[in-house]
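Enquirer: final.csv is reproduced below (CSV, C-alpha atoms).
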chain,number,residue,atom,x,y,z
A,131,MET,CA,13.7,-0.8,238.5
A,132,ARG,CA,13.6,-1.6,242.3
A,133,ILE,CA,16.9,-1.1,244.0
A,134,VAL,CA,18.2,-1.8,247.5
A,135,LEU,CA,21.2,0.3,248.6
A,136,ASP,CA,23.6,-1.4,251.1
A,137,THR,CA,24.3,0.5,254.3
A,138,ASN,CA,27.8,1.3,253.1
A,139,ILE,CA,26.2,3.3,250.2
A,140,TYR,CA,24.1,5.4,252.6
A,141,ILE,CA,27.1,5.9,254.9
A,142,SER,CA,29.2,7.1,252.0
A,143,ALA,CA,26.4,9.5,250.9
A,144,ALA,CA,26.1,10.9,254.4
A,145,ILE,CA,29.8,11.6,255.0
A,146,THR,CA,31.2,12.5,251.5
A,147,SER,CA,30.1,13.9,248.3
A,148,GLY,CA,30.4,11.7,245.2
A,149,LEU,CA,28.7,8.7,243.5
A,150,SER,CA,26.7,7.5,246.5
A,151,GLN,CA,25.3,11.0,247.1
A,152,GLU,CA,24.4,11.1,243.3
A,153,ILE,CA,22.5,7.8,243.6
A,154,LEU,CA,20.4,9.2,246.5
A,155,GLU,CA,19.8,12.4,244.5
A,156,LEU,CA,18.7,10.4,241.5
A,157,ALA,CA,16.2,8.5,243.7
A,158,SER,CA,14.7,11.7,244.9
A,159,THR,CA,14.6,13.5,241.5
A,160,THR,CA,14.0,10.9,238.8
A,161,SER,CA,11.8,7.9,238.2
A,162,LEU,CA,14.8,5.9,237.1
A,163,PHE,CA,14.4,3.6,240.0
A,164,THR,CA,12.4,3.0,243.2
A,165,LEU,CA,14.6,2.9,246.3
A,166,LEU,CA,13.9,0.1,248.8
A,167,THR,CA,15.1,-0.1,252.4
A,168,SER,CA,14.0,-1.7,255.7
A,169,GLU,CA,13.9,-0.6,259.3
A,170,GLU,CA,16.7,-3.1,259.9
A,171,ILE,CA,18.9,-1.3,257.4
A,172,LEU,CA,18.0,2.1,258.8
A,173,ASP,CA,18.7,1.0,262.3
A,174,GLU,CA,22.2,-0.3,261.3
A,175,LEU,CA,22.8,3.0,259.4
A,176,LYS,CA,21.8,5.1,262.4
A,177,GLU,CA,24.0,3.0,264.8
A,178,LYS,CA,27.0,3.3,262.5
A,179,LEU,CA,26.7,7.0,261.8
A,180,LEU,CA,26.4,7.7,265.5
A,181,SER,CA,29.0,5.4,267.0
A,182,LYS,CA,31.5,4.8,264.2
A,183,PHE,CA,31.4,8.2,262.4
A,184,GLY,CA,30.5,10.4,265.4
A,185,ARG,CA,27.5,12.2,263.7
A,186,SER,CA,25.0,13.9,265.9
A,187,GLU,CA,21.5,12.5,266.7
A,188,ASN,CA,20.0,15.5,264.9
A,189,ILE,CA,22.0,15.1,261.7
A,190,VAL,CA,21.4,11.4,261.6
A,191,GLY,CA,17.7,11.9,262.3
A,192,VAL,CA,17.4,14.3,259.4
A,193,PHE,CA,19.3,12.0,257.0
A,194,ILE,CA,17.1,9.0,258.0
A,195,LYS,CA,14.0,11.1,257.5
A,196,ARG,CA,15.2,12.0,254.0
A,197,ILE,CA,15.8,8.4,253.1
A,198,LYS,CA,12.3,7.4,254.4
A,199,LYS,CA,10.8,10.2,252.2
A,200,ILE,CA,12.4,8.9,249.0
A,201,ALA,CA,12.4,5.1,249.7
A,202,GLU,CA,9.8,2.5,250.1
A,203,VAL,CA,10.4,0.9,253.6
A,204,ILE,CA,9.9,-2.8,253.2
A,205,GLU,CA,8.7,-5.1,255.9
A,206,ILE,CA,11.0,-8.2,256.0
A,207,ASN,CA,9.0,-11.3,255.4
A,208,GLN,CA,11.9,-13.7,254.6
A,209,LYS,CA,15.0,-14.3,256.6
A,210,VAL,CA,18.3,-15.1,254.9
A,211,TYR,CA,21.4,-16.8,256.5
A,212,LEU,CA,23.7,-16.9,253.4
A,213,ILE,CA,26.6,-14.6,254.5
A,214,LYS,CA,28.5,-16.1,257.4
A,215,ARG,CA,31.6,-13.8,257.6
A,216,ASP,CA,29.4,-10.7,258.2
A,217,PRO,CA,25.8,-11.8,259.1
A,218,ASP,CA,24.7,-8.1,259.0
A,219,ASP,CA,25.0,-8.3,255.2
A,220,ASN,CA,22.0,-10.7,255.2
A,221,LYS,CA,19.6,-7.8,256.0
A,222,ILE,CA,20.4,-6.4,252.6
A,223,LEU,CA,19.5,-9.7,250.9
A,224,GLU,CA,16.4,-9.9,253.1
A,225,CYS,CA,15.2,-6.5,252.0
A,226,ALA,CA,15.9,-7.2,248.3
A,227,LEU,CA,14.0,-10.5,248.5
A,228,SER,CA,11.1,-9.1,250.6
A,229,GLY,CA,10.8,-6.0,248.4
A,230,LYS,CA,11.1,-7.9,245.1
A,231,ALA,CA,14.1,-5.9,244.1
A,232,ASP,CA,15.8,-6.0,240.7
A,233,LEU,CA,19.2,-4.9,241.9
A,234,ILE,CA,21.4,-4.4,245.0
A,235,VAL,CA,24.0,-1.7,245.0
A,236,THR,CA,26.9,-2.2,247.3
A,237,SER,CA,30.6,-1.7,247.9
A,238,ASP,CA,30.7,-4.9,250.1
A,239,GLN,CA,32.9,-7.6,248.5
A,240,ASP,CA,31.0,-10.4,250.2
A,241,LEU,CA,27.9,-9.3,248.4
A,242,ILE,CA,29.5,-8.3,245.1
A,243,LYS,CA,31.2,-11.7,244.7
A,244,LEU,CA,27.7,-13.3,244.7
A,245,LYS,CA,26.9,-11.3,241.5
A,246,THR,CA,23.2,-12.4,241.9
A,247,PHE,CA,20.9,-13.6,244.6
A,248,ARG,CA,17.8,-15.4,243.7
A,249,GLY,CA,17.6,-13.5,240.4
A,250,ILE,CA,18.5,-10.1,241.9
A,251,GLY,CA,21.6,-8.5,240.4
A,252,ILE,CA,24.3,-7.3,242.8
A,253,VAL,CA,26.6,-4.4,241.5
A,254,HIS,CA,29.1,-1.9,242.7
A,255,PRO,CA,27.9,1.8,242.5
A,256,ARG,CA,30.3,2.4,239.6
A,257,THR,CA,28.6,-0.3,237.6
A,258,LEU,CA,25.3,1.4,238.1
A,259,SER,CA,26.8,4.7,236.9
A,260,TRP,CA,28.2,2.9,233.8
A,261,THR,CA,24.8,1.3,233.1
A,262,PHE,CA,23.0,4.7,233.1
A,263,PRO,CA,25.8,7.2,232.1
A,264,GLU,CA,23.3,9.8,231.0
A,265,TYR,CA,22.2,10.2,234.7
A,266,PHE,CA,25.6,10.5,236.3
A,267,LYS,CA,28.2,13.2,236.3
A,268,LYS,CA,31.3,12.4,234.3
A,269,ARG,CA,34.2,11.4,236.7
A,270,LYS,CA,37.8,11.7,236.0
Hey, can you dump this file as structure tokens for me?

Expert:
Amino acid sequence: MRIVLDTNIYISAAITSGLSQEILELASTTSLFTLLTSEEILDELKEKLLSKFGRSENIVGVFIKRIKKIAEVIEINQKVYLIKRDPDDNKILECALSGKADLIVTSDQDLIKLKTFRGIGIVHPRTLSWTFPEYFKKRK
């Protein structure tokens, strides 16, 4: 299964422990799915971790390097202009489309309410954990 994680999932994994961190860990330790990302997603991630969350260049650099090690970095070959309220969300759809993803995992309601995009499922991280319960820690 080919999965694109939204920037909000990476941010959550970088700043807190929990489900988002588990998803990254699964990508690096199992063959359950192939993680897809793009330079555009990584640029947004870097910018937000530095400016909005005050992380240091060094810590952000190490985190991005880790992602590049476990993910396939997709070159965007199709532009999307579907999401008007937050056009940055379109880069997630572009990566999924260009990388022939099966699934997008996001906490973003603009994306979740689409449910699918050109045959690509869009789910919340909790839905991913419910779909593959044997891979995720039990949460109370």

Enquirer: Leaving out stretch 187-193 of chain A and any residue of its chain fewer than 2 positions from it, which residues lie within 10 Å of it when counting only C-alpha atoms, given as a count of residues only?

Expert: 16

Enquirer: I want to know what sits within 9 Å of A:Leu162, based on only C-alpha atoms, with residues of the same chain fewer than 3 positions away left out; could you give that as a list in words?

Expert: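 My list of contacting residues is Met131, Leu156, Ala157, Thr159 and Tyr265 of chain A.
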
Enquirer: Work out how far apart atom CA of A:Ile222 and atom CA of A:Ser147 are and give it in Å to one decimal.

Expert: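 Separating atom CA of A:Ile222 from atom CA of A:Ser147 is a distance of 22.9 Å.
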
Enquirer: Which of these, A:Val253, A:Leu135, A:Ile242, A:Ile145, has the shortest distance to A:Lys182 once you count all atoms listed in the file?

Expert: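 Counting all atoms listed in the file, the residue closest to A:Lys182 is A:Ile145.
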
Enquirer: A:Leu212, A:Ala201, A:Leu258, A:Leu172: which is nearest A:Ile234, counting only C-alpha atoms?

Expert: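 So, comparing all the options, the nearest one is A:Leu258.
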
Enquirer: Enter the distance from atom CA of A:Ser237 to atom CA of A:Asn207, in Å, rounded to one decimal.

Expert: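 Those two atoms sit 24.8 Å apart.
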
Enquirer: Rank A:Asp219, A:Glu264, A:Glu174, A:Glu155 by their smallest atom-to-atom distance to A:Thr236, using only C-alpha atoms, and report the top residue only.

Expert: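 Of A:Asp219, A:Glu264, A:Glu174, A:Glu155, the one nearest A:Thr236, counting only C-alpha atoms, is A:Asp219.
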
Enquirer: Go through A:Glu202, A:Glu224, A:Asp238, A:Asp173 and flag the residue nearest A:His254, using all atoms listed in the file for the distances.

Expert: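 Ranked by minimum distance to A:His254, first place goes to A:Asp238.
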
Enquirer: May I have the residues at most 12 Å from (13.3, -17.9, 257.0) in the file's coordinates, counting all atoms listed in the file, as a list in words?

Expert: Ile206, Asn207, Gln208, Lys209, Val210, Tyr211, Leu212, Asn220, Lys221, Leu223, Glu224, Leu227 and Ser228 of chain A

Enquirer: So which residues touch A:Cys225 within 9 Å, counting all atoms listed in the file, skipping near sequence neighbours fewer than 6 positions away, as a JSON list (two decimals) with C-alpha atoms, keeping the file's coordinate frame?

Expert:
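As written to disk, result.json reads:
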[["chain", "number", "residue", "atom", "x", "y", "z"],
["A", 134, "VAL", "CA", 18.20, -1.80, 247.50],
["A", 166, "LEU", "CA", 13.90, 0.10, 248.80],
["A", 167, "THR", "CA", 15.10, -0.10, 252.40],
["A", 168, "SER", "CA", 14.00, -1.70, 255.70],
["A", 170, "GLU", "CA", 16.70, -3.10, 259.90],
["A", 171, "ILE", "CA", 18.90, -1.30, 257.40],
["A", 203, "VAL", "CA", 10.40, 0.90, 253.60],
["A", 204, "ILE", "CA", 9.90, -2.80, 253.20],
["A", 205, "GLU", "CA", 8.70, -5.10, 255.90],
["A", 206, "ILE", "CA", 11.00, -8.20, 256.00],
["A", 207, "ASN", "CA", 9.00, -11.30, 255.40],
["A", 208, "GLN", "CA", 11.90, -13.70, 254.60],
["A", 231, "ALA", "CA", 14.10, -5.90, 244.10]]

Enquirer: So what do you get for atom CA of A:Ile250 versus atom CA of A:Thr146, distance-wise?

Expert: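 Between atom CA of A:Ile250 and atom CA of A:Thr146 the gap is 27.6 Å.
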
Enquirer: I'd like to know which of A:Leu165, A:Leu149, A:Lys267, A:Gly249 is closest to A:Ile200, using only C-alpha atoms.

Expert: A:Leu165

Enquirer: Using all atoms listed in the file for the distances, tell me which of A:Ile194, A:Phe247, A:Ile139, A:Gln239 is nearest to A:Gln151.

Expert: A:Ile139
